[in-house]
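Undergrad: Mind having a look at this structure? Questions to follow.
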Amino acid sequence: MAKRALITGITGQDGSYLAELLLDLGYDVYGLVRRTSTQNFERIAHIQHRLNLISGDLSDQTSLQEALIQANPDEVYNLAAQSFVQTSWAQPVFTGDVTALGVTRLLDAIRHINPTIRFYQATSSEIFGNVREVPQRETTPFYPRSPYGVAKVYGHWITVNYRESYGIHASSGILFNHESPRRGFEFVTRKVTRGVAMIKLGLAHELHLGNLDAQRDWGFAGDYVKAMWRMLQEDTPGDYVIATGKTWSVQKLVETAFEYVDLDWRDYVRQDPSFIRPAEVDLLVGDPTKASTILGWEPSVGFVELVRMMVDADLKLLQENAVTAAGV
Ligand code: NAP
Ligand code: F7E
């Protein structure tokens with residue numbers, strides 16, 4: 001019989017890649033979707049006919065219980081969150097409710113309805129924040145620097161706690177930044193690749209950015225969802241850092257993207273204080289040795305290839321939109 005999986009956050013970047021992966025593996029895939037005034041299923045439109053979508057919200061306990069009863073899953077992947085760090089200062093209570101307490105709501109529903117369900121929690125490298133060690137590994141102490149990071153620390157520890165308290169097969173993936181052509185427009189990689197594509201096509205003339213000195217360990221989302229799945233196939237649950245082991249500055253990201261389309265970034269990039277954060281995470285670089293050793297997981301896409309993939313995709317998207325708008 002086909003395995004069944006429930007994905008929260010299926011309409012997001014990772015949810016869409018994970019849904020594709022699980023469908024390819026022969027799973028029956030269920031996704032939790034929240035009601036929005038305009039439907040936002042763009043990332044899953046191409047597979048929507050193969051998915052079972054269930055209405056629910058991480059802030060609503062009843063809907064989570066109902067979703068578990070309807071989907072009757074073997075595996076639950078909790079990818080839903082208020083995931084944008086900058087917004088977490090503007091909406092700290094909402095971020096805590098969804099990104100932190102939402103994890104408890106889901107775990108507690110699992111505990112009552114079917115404690116044999118295997119559970120994946122989307123933890124983040126933002127828990128390391130003001131880093132205590134370089135590179136960061138599973139044992140590195142946490143020092144979050146935003147309401148989002150604090151919420152993810154809570155989500156991580158409640159996952160560990162339900163594993164230890166109730167024996168739930170609950171794993172936490174401590175994922176470093178991962179990107180793709182499906183990344184939200186507000187995150188810096190996509191903002192840059194879309195900005196570059198717009199400038200190249202004459203649709204924009206400037207790109208406003210914040211701190212160019214921050215360094216991130218950027219990988220490809222399509223690789224990272226494979227690590228999520230592998231964690232739940234292990235006999236023993238655990239916590240795993242998922243990263244490339246290399247770090248790059250935002251400035252290098254900008255240079256790489258502009259260079260690819262033969263433009264000089266200095267002619268277009270403007271520093272804008274409105275994108276500077278109240279507290280910054282200066283340097284993230286992960287050590288994925290445990291994931292490599294136990295899960296056999298390795299990243300397949302490097303930084304330059306990733307940036308070029310995203311610029312190409314944004315150029316194509318904008319050109320297609322122009323053709324559609326022109327009615328050609
Ligand atoms: P994303 O594109 O922002 O997707 C977030 C998803 O969560 C969307 O499907 C969103 O639904 C859903 N969601 C938000 N609030 C919800 C609520 N109250 N109830 C139900 N669903 C809700 O994020 P992502 O990049 O795919 O990341 C997936 C997960 O990994 C998140 O938990 C994120 O915090 C974590 N993470 C991401 C990275 C990264 O670099 N991408 C790294 C580490 C950890 P709508 O479409 O309706 O908004
Ligand atoms: O910022 C700097 C910014 O918003 C990266 C989320 O997926 O990864 C993501 O969080 C860096 C920061 O991602 C702009 O200050 C400069 O230092 O792309 P970002 P993030 O904050 O690292 C982690 C692992 C997650 O878990 C999160 O869910 O880029 N930066 N100028 C800028 N950032 C943005 N967004 N916009 C700018 O204009």
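In the structure tokens, chains take letters A, B, ... by order of appearance, with residues numbered from 1 within each chain and ligands from 1 in the order shown.
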Could I get the residues of range 46-154 of chain A with an atom no further than 12 Å from an atom of range 29-39 of chain A, each paired with its nearest atom pair and that distance in Å to one decimal, using only C-alpha atoms, sorted by chain and residue number, as a Markdown table?
TA:
```
| residue | atom | partner | partner_atom | distance |
| --- | --- | --- | --- | --- |
| A:Ile47 | CA | A:Val29 | CA | 10.5 |
| A:Gln48 | CA | A:Gly31 | CA | 10.0 |
| A:His49 | CA | A:Val29 | CA | 10.9 |
| A:Arg50 | CA | A:Val29 | CA | 7.8 |
| A:Leu51 | CA | A:Val29 | CA | 5.5 |
| A:Asn52 | CA | A:Tyr30 | CA | 4.6 |
| A:Leu53 | CA | A:Gly31 | CA | 4.8 |
| A:Ile54 | CA | A:Leu32 | CA | 4.9 |
| A:Ser55 | CA | A:Val33 | CA | 5.1 |
| A:Gly56 | CA | A:Arg34 | CA | 5.2 |
| A:Asp57 | CA | A:Arg34 | CA | 5.4 |
| A:Leu58 | CA | A:Arg34 | CA | 8.8 |
| A:Ser59 | CA | A:Arg34 | CA | 10.2 |
| A:Asp60 | CA | A:Arg34 | CA | 10.3 |
| A:Ser63 | CA | A:Leu32 | CA | 9.2 |
| A:Leu64 | CA | A:Leu32 | CA | 8.5 |
| A:Gln65 | CA | A:Leu32 | CA | 11.4 |
| A:Glu66 | CA | A:Leu32 | CA | 10.5 |
| A:Ala67 | CA | A:Leu32 | CA | 7.3 |
| A:Leu68 | CA | A:Tyr30 | CA | 9.7 |
| A:Ile69 | CA | A:Tyr30 | CA | 11.5 |
| A:Gln70 | CA | A:Tyr30 | CA | 9.1 |
| A:Ala71 | CA | A:Tyr30 | CA | 6.3 |
| A:Asn72 | CA | A:Tyr30 | CA | 9.4 |
| A:Pro73 | CA | A:Tyr30 | CA | 8.2 |
| A:Asp74 | CA | A:Val29 | CA | 10.5 |
| A:Glu75 | CA | A:Val29 | CA | 9.9 |
| A:Val76 | CA | A:Tyr30 | CA | 9.4 |
| A:Tyr77 | CA | A:Gly31 | CA | 9.6 |
| A:Asn78 | CA | A:Leu32 | CA | 9.7 |
| A:Leu79 | CA | A:Leu32 | CA | 10.1 |
| A:Ala80 | CA | A:Leu32 | CA | 8.8 |
| A:Ala81 | CA | A:Arg34 | CA | 11.7 |
| A:Leu106 | CA | A:Leu32 | CA | 11.6 |
```
Undergrad: Can you pull out every residue from range 64-258 of chain A that DSSP, working from the backbone, puts in strand (DSSP E or B), and format the result as number ranges by chain?
TA: A: 75-78, 118-124, 136, 170-175, 178-179, 207-209, 215-216, 219-220, 239-242, 248-249
Undergrad: Could you pull the residues within 8 Å of Val160 in chain A, counting only C-alpha atoms, minus those fewer than 4 positions along the same chain, as a list in words?
TA: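 So the residues in contact are His156, Glu164, Ala170, Ser171 and Ser172 of chain A.
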Undergrad: CA of Gly9 in chain A to atom 35 (N, counted along the ligand's line) of ligand 2: how many Å, to one decimal?
TA: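 Straight-line distance from CA of Gly9 in chain A to atom 35 (N, counted along the ligand's line) of ligand 2 works out to 19.6 Å.
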Undergrad: Can you work out which residues are within 6 Å of ligand 2, considering only C-alpha atoms and all ligand atoms, and then hand them over as a ChimeraX atom specification?
TA: /A:83-85,124-126,176-177,186-189,209-212,214,250,275,281
Undergrad: DSSP on the backbone: which residues in range 162-293 of chain A end up as helix (DSSP H, G or I)? Give the answer as an MDAnalysis selection string.
TA: chainID A and resid 162:166 188:200 221:233 250:260 265:267 273:275 289:293
Undergrad: Hey, which of A:Tyr143, A:Phe41, A:Phe128, A:Tyr154 ends up closest to Val98 in chain A? Count only C-alpha atoms.
TA: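 Answer, going by the shortest atom-to-atom distance: A:Tyr154.
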Undergrad: Quick check, in Å to one decimal: how far apart do CA of Ala122 in chain A and CA of Asp213 in chain A lie?
TA: 26.3 Å
Undergrad: Please compute the CA of Asp97 in chain A-atom 7 (O, counted along the ligand's line) of ligand 1 distance, one decimal, in Å.
TA: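 These two atoms are separated by 13.0 Å.
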Undergrad: Nearest to Gly12 in chain A: which of A:Leu207, A:Val103, A:Val196, A:Ala221 is it, counting only C-alpha atoms?
TA: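 Distance minimum relative to Gly12 in chain A lands on A:Ala221.
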Undergrad: If we count only C-alpha atoms and set the cut-off at 12 Å, which residues sit around Lys191 in chain A, ignoring sequence neighbours fewer than 6 positions away in its own chain? Please answer as number ranges by chain.
TA: A: 179-185, 197-199, 206-210, 250, 253-254, 257, 269, 275, 307, 310-311, 314
Undergrad: In terms of the shortest atom-to-atom distance over only C-alpha atoms and all ligand atoms, which of A:Arg111, A:Arg163, A:His178, A:Arg137 is closest to ligand 1?
TA: A:His178
Undergrad: What's the 9 Å shell around range 232-235 of chain A, counting only C-alpha atoms, without same-chain residues fewer than 5 positions away, as a list of chain:residue names?
TA: A:Glu75, A:Arg118, A:Phe119, A:Tyr120, A:His169, A:Ala170, A:Ser171, A:Ala227, A:Ile294, A:Leu295
Undergrad: Give me the residues near Leu318 in chain A as a ChimeraX atom specification, where near means some atom within 10 Å (using only C-alpha atoms) and where sequence neighbours in that chain fewer than 4 positions away do not count.
TA: /A:194,197-198,201,203,313-314,322-324
Undergrad: Between A:Gln121, A:Thr62, A:Gln91, A:Thr193, which is the closest to ligand 1 once you count only C-alpha atoms and all ligand atoms?
TA: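 Going through A:Gln121, A:Thr62, A:Gln91, A:Thr193 one by one, the smallest distance to ligand 1 is for A:Gln121.
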Undergrad: Could you tell me which of A:Thr139, A:Thr123, A:Thr87, A:Ser300 comes closest to ligand 1 if we count only C-alpha atoms and all ligand atoms?
TA: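 Result for the nearest residue to ligand 1: A:Thr123.
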